[in-house]
Amino acid sequence: MKFNRLRILISSPLIALAMTGCGGGSDGTVVANETRTLAEGTYLTYALPAGKYEAQVSSSNNGVVVEWIGSSNCGKSGEVKTYDYACTLTQTGQLKITNPTTFFLGGDEVVTVKVTQQ
């Protein structure tokens, strides 16, 4: 019985040390976190210095188009209601979110945007 208690006492700090060394680390720096209403045919942009970013975007009705400007590896989405993508900008660039239009027959989009620099 004493042997089991001793083993638990000895291994507990090791487990605690191992647990603190595991995990995802930092979640990054949030550079934008907002909800905006975009009228049809309008857009919003976020100027971003070179670096690695993650964008999480959601929209209310028909969807938005998300585009990374200034990156050769990260393209333009189709019209989406949810978007979660990481992109590395090798130079200063932008994240552009557009409420697209077809003959101005659509409505406003309520868009929630979170951009995190990794």
# chains A, B, ... in the order shown; residues from 1 in each chain; ligands from 1

call {"tool": "residues_around", "arguments": {"residues": "A:Ala32", "least_positions_apart": "6", "cutoff": "9 Å", "atoms": "only C-alpha atoms", "output": "list in words"}}
result
Tyr46, Val113, Lys114, Val115 and Thr116 of chain A

call {"tool": "residues_around", "arguments": {"residues": "A:Ala50", "least_positions_apart": "4", "cutoff": "12 Å", "atoms": "only C-alpha atoms", "output": "list of chain:residue names"}}
result
A:Trp68, A:Ile69, A:Gly70, A:Ser71, A:Cys87, A:Thr88, A:Leu89, A:Thr90, A:Gln91, A:Thr92, A:Gly93, A:Gln94, A:Leu95, A:Gln117, A:Gln118

call {"tool": "write_last_selection", "arguments": {"atoms": "C-alpha atoms", "output": "short mmCIF file (atom, residue, chain, number, x, y, z; two decimals), in the first residue's frame"}}
result
data_model
loop_
_atom_site.label_atom_id
_atom_site.label_comp_id
_atom_site.auth_asym_id
_atom_site.auth_seq_id
_atom_site.Cartn_x
_atom_site.Cartn_y
_atom_site.Cartn_z
CA TRP A 68 -6.81 37.47 -49.57
CA ILE A 69 -5.03 40.24 -51.50
CA GLY A 70 -1.24 40.11 -51.57
CA SER A 71 -0.79 36.35 -51.41
CA CYS A 87 -3.17 32.22 -44.99
CA THR A 88 0.44 33.37 -44.99
CA LEU A 89 1.06 36.81 -46.44
CA THR A 90 4.67 37.21 -47.59
CA GLN A 91 4.12 40.94 -48.04
CA THR A 92 1.69 43.58 -46.83
CA GLY A 93 -1.78 42.61 -47.96
CA GLN A 94 -5.49 42.75 -47.23
CA LEU A 95 -8.39 40.56 -46.28
CA GLN A 117 -2.32 36.62 -36.39
CA GLN A 118 -0.50 33.39 -35.57
#

call {"tool": "residues_around", "arguments": {"residues": "A:Thr42", "least_positions_apart": "6", "cutoff": "9 Å", "atoms": "only C-alpha atoms", "output": "PyMOL selection string"}}
result
chain A and resi 97-101

call {"tool": "residues_around", "arguments": {"residues": "A:Glu67", "least_positions_apart": "6", "cutoff": "8 Å", "atoms": "only C-alpha atoms", "output": "NGL selection string"}}
result
:A and (74-77 or 95-97)

call {"tool": "atom_distance", "arguments": {"atom1": "atom CA of A:Ala39", "atom2": "atom CA of A:Ser72"}}
result
28.7 Å

call {"tool": "residues_around", "arguments": {"residues": "A:Val64", "least_positions_apart": "4", "cutoff": "10 Å", "atoms": "only C-alpha atoms", "output": "list in words"}}
result
Leu38, Glu40, Tyr43, Val57, Ser58, Ser59, Ser60, Ser77, Gly78, Glu79, Val80, Lys81, Thr82, Tyr83, Ile97, Thr98, Asn99, Pro100, Thr101, Glu109, Val110 and Val111 of chain A

call {"tool": "atom_distance", "arguments": {"atom1": "atom CA of A:Asn73", "atom2": "atom CA of A:Gln56"}}
result
17.7 Å

call {"tool": "decode", "arguments": {"residues": "stretch 12-103 of chain A", "atoms": "C-alpha atoms", "output": "PDB file, in the first residue's frame"}}
result
ATOM      1  CA  SER A  12       2.246  13.242 -10.013  1.00  0.00           C
ATOM      2  CA  PRO A  13       4.788  16.054 -10.542  1.00  0.00           C
ATOM      3  CA  LEU A  14       5.972  14.356 -13.715  1.00  0.00           C
ATOM      4  CA  ILE A  15       2.439  14.156 -15.019  1.00  0.00           C
ATOM      5  CA  ALA A  16       1.861  17.791 -14.137  1.00  0.00           C
ATOM      6  CA  LEU A  17       5.100  18.780 -15.869  1.00  0.00           C
ATOM      7  CA  ALA A  18       4.213  16.737 -18.944  1.00  0.00           C
ATOM      8  CA  MET A  19       0.734  18.264 -19.074  1.00  0.00           C
ATOM      9  CA  THR A  20       2.068  21.825 -18.964  1.00  0.00           C
ATOM     10  CA  GLY A  21       4.407  21.033 -21.847  1.00  0.00           C
ATOM     11  CA  CYS A  22       1.553  19.785 -24.045  1.00  0.00           C
ATOM     12  CA  GLY A  23      -1.179  21.722 -25.721  1.00  0.00           C
ATOM     13  CA  GLY A  24      -1.636  24.220 -28.479  1.00  0.00           C
ATOM     14  CA  GLY A  25       0.345  27.067 -26.983  1.00  0.00           C
ATOM     15  CA  SER A  26      -0.684  30.589 -27.886  1.00  0.00           C
ATOM     16  CA  ASP A  27      -3.880  31.222 -29.803  1.00  0.00           C
ATOM     17  CA  GLY A  28      -2.276  34.191 -31.537  1.00  0.00           C
ATOM     18  CA  THR A  29      -3.149  37.866 -31.503  1.00  0.00           C
ATOM     19  CA  VAL A  30      -6.668  38.894 -32.464  1.00  0.00           C
ATOM     20  CA  VAL A  31      -6.367  41.769 -34.946  1.00  0.00           C
ATOM     21  CA  ALA A  32     -10.082  42.074 -35.767  1.00  0.00           C
ATOM     22  CA  ASN A  33     -13.207  40.806 -34.031  1.00  0.00           C
ATOM     23  CA  GLU A  34     -16.418  42.520 -35.062  1.00  0.00           C
ATOM     24  CA  THR A  35     -19.893  42.223 -36.522  1.00  0.00           C
ATOM     25  CA  ARG A  36     -20.869  44.555 -39.362  1.00  0.00           C
ATOM     26  CA  THR A  37     -23.768  44.930 -41.779  1.00  0.00           C
ATOM     27  CA  LEU A  38     -22.745  44.994 -45.437  1.00  0.00           C
ATOM     28  CA  ALA A  39     -25.203  46.350 -47.968  1.00  0.00           C
ATOM     29  CA  GLU A  40     -25.338  44.514 -51.266  1.00  0.00           C
ATOM     30  CA  GLY A  41     -22.363  45.339 -53.468  1.00  0.00           C
ATOM     31  CA  THR A  42     -20.244  46.710 -50.607  1.00  0.00           C
ATOM     32  CA  TYR A  43     -17.145  45.328 -48.952  1.00  0.00           C
ATOM     33  CA  LEU A  44     -14.827  45.797 -46.019  1.00  0.00           C
ATOM     34  CA  THR A  45     -11.073  45.313 -45.900  1.00  0.00           C
ATOM     35  CA  TYR A  46      -8.452  44.723 -43.253  1.00  0.00           C
ATOM     36  CA  ALA A  47      -4.905  45.905 -44.024  1.00  0.00           C
ATOM     37  CA  LEU A  48      -2.450  43.286 -42.769  1.00  0.00           C
ATOM     38  CA  PRO A  49       1.347  43.302 -42.551  1.00  0.00           C
ATOM     39  CA  ALA A  50       3.230  40.211 -43.696  1.00  0.00           C
ATOM     40  CA  GLY A  51       2.567  37.200 -41.473  1.00  0.00           C
ATOM     41  CA  LYS A  52       0.388  34.143 -40.929  1.00  0.00           C
ATOM     42  CA  TYR A  53      -3.313  34.773 -40.284  1.00  0.00           C
ATOM     43  CA  GLU A  54      -6.499  32.858 -39.697  1.00  0.00           C
ATOM     44  CA  ALA A  55      -9.819  34.338 -40.772  1.00  0.00           C
ATOM     45  CA  GLN A  56     -13.157  33.152 -39.436  1.00  0.00           C
ATOM     46  CA  VAL A  57     -16.118  34.723 -41.208  1.00  0.00           C
ATOM     47  CA  SER A  58     -19.835  34.034 -41.022  1.00  0.00           C
ATOM     48  CA  SER A  59     -22.718  35.774 -42.748  1.00  0.00           C
ATOM     49  CA  SER A  60     -26.456  35.832 -42.274  1.00  0.00           C
ATOM     50  CA  ASN A  61     -28.387  35.343 -45.502  1.00  0.00           C
ATOM     51  CA  ASN A  62     -26.902  34.506 -48.881  1.00  0.00           C
ATOM     52  CA  GLY A  63     -23.192  34.595 -48.118  1.00  0.00           C
ATOM     53  CA  VAL A  64     -20.130  36.720 -48.796  1.00  0.00           C
ATOM     54  CA  VAL A  65     -16.948  36.396 -50.841  1.00  0.00           C
ATOM     55  CA  VAL A  66     -13.660  36.302 -48.908  1.00  0.00           C
ATOM     56  CA  GLU A  67     -10.431  37.249 -50.669  1.00  0.00           C
ATOM     57  CA  TRP A  68      -6.807  37.472 -49.566  1.00  0.00           C
ATOM     58  CA  ILE A  69      -5.032  40.237 -51.498  1.00  0.00           C
ATOM     59  CA  GLY A  70      -1.240  40.107 -51.574  1.00  0.00           C
ATOM     60  CA  SER A  71      -0.788  36.351 -51.410  1.00  0.00           C
ATOM     61  CA  SER A  72      -0.099  33.989 -54.266  1.00  0.00           C
ATOM     62  CA  ASN A  73      -1.216  30.929 -52.255  1.00  0.00           C
ATOM     63  CA  CYS A  74      -4.501  32.094 -50.775  1.00  0.00           C
ATOM     64  CA  GLY A  75      -7.250  32.774 -53.217  1.00  0.00           C
ATOM     65  CA  LYS A  76     -10.770  34.007 -53.391  1.00  0.00           C
ATOM     66  CA  SER A  77     -13.661  31.987 -52.027  1.00  0.00           C
ATOM     67  CA  GLY A  78     -16.941  31.501 -53.747  1.00  0.00           C
ATOM     68  CA  GLU A  79     -20.024  32.876 -52.049  1.00  0.00           C
ATOM     69  CA  VAL A  80     -19.981  31.300 -48.567  1.00  0.00           C
ATOM     70  CA  LYS A  81     -21.945  31.614 -45.334  1.00  0.00           C
ATOM     71  CA  THR A  82     -19.073  30.307 -43.184  1.00  0.00           C
ATOM     72  CA  TYR A  83     -15.348  30.546 -43.816  1.00  0.00           C
ATOM     73  CA  ASP A  84     -12.379  29.400 -41.730  1.00  0.00           C
ATOM     74  CA  TYR A  85      -8.996  29.538 -43.435  1.00  0.00           C
ATOM     75  CA  ALA A  86      -5.357  30.241 -42.609  1.00  0.00           C
ATOM     76  CA  CYS A  87      -3.167  32.220 -44.988  1.00  0.00           C
ATOM     77  CA  THR A  88       0.439  33.372 -44.986  1.00  0.00           C
ATOM     78  CA  LEU A  89       1.057  36.808 -46.445  1.00  0.00           C
ATOM     79  CA  THR A  90       4.668  37.206 -47.590  1.00  0.00           C
ATOM     80  CA  GLN A  91       4.118  40.936 -48.043  1.00  0.00           C
ATOM     81  CA  THR A  92       1.689  43.578 -46.828  1.00  0.00           C
ATOM     82  CA  GLY A  93      -1.783  42.606 -47.959  1.00  0.00           C
ATOM     83  CA  GLN A  94      -5.485  42.747 -47.226  1.00  0.00           C
ATOM     84  CA  LEU A  95      -8.386  40.559 -46.284  1.00  0.00           C
ATOM     85  CA  LYS A  96     -11.413  41.667 -48.306  1.00  0.00           C
ATOM     86  CA  ILE A  97     -14.975  40.582 -47.534  1.00  0.00           C
ATOM     87  CA  THR A  98     -17.614  41.436 -50.140  1.00  0.00           C
ATOM     88  CA  ASN A  99     -21.379  41.154 -50.197  1.00  0.00           C
ATOM     89  CA  PRO A 100     -21.666  40.386 -53.917  1.00  0.00           C
ATOM     90  CA  THR A 101     -24.430  41.732 -56.114  1.00  0.00           C
ATOM     91  CA  THR A 102     -26.424  40.518 -59.071  1.00  0.00           C
ATOM     92  CA  PHE A 103     -28.471  43.425 -60.388  1.00  0.00           C
TER      93      PHE A 103
END
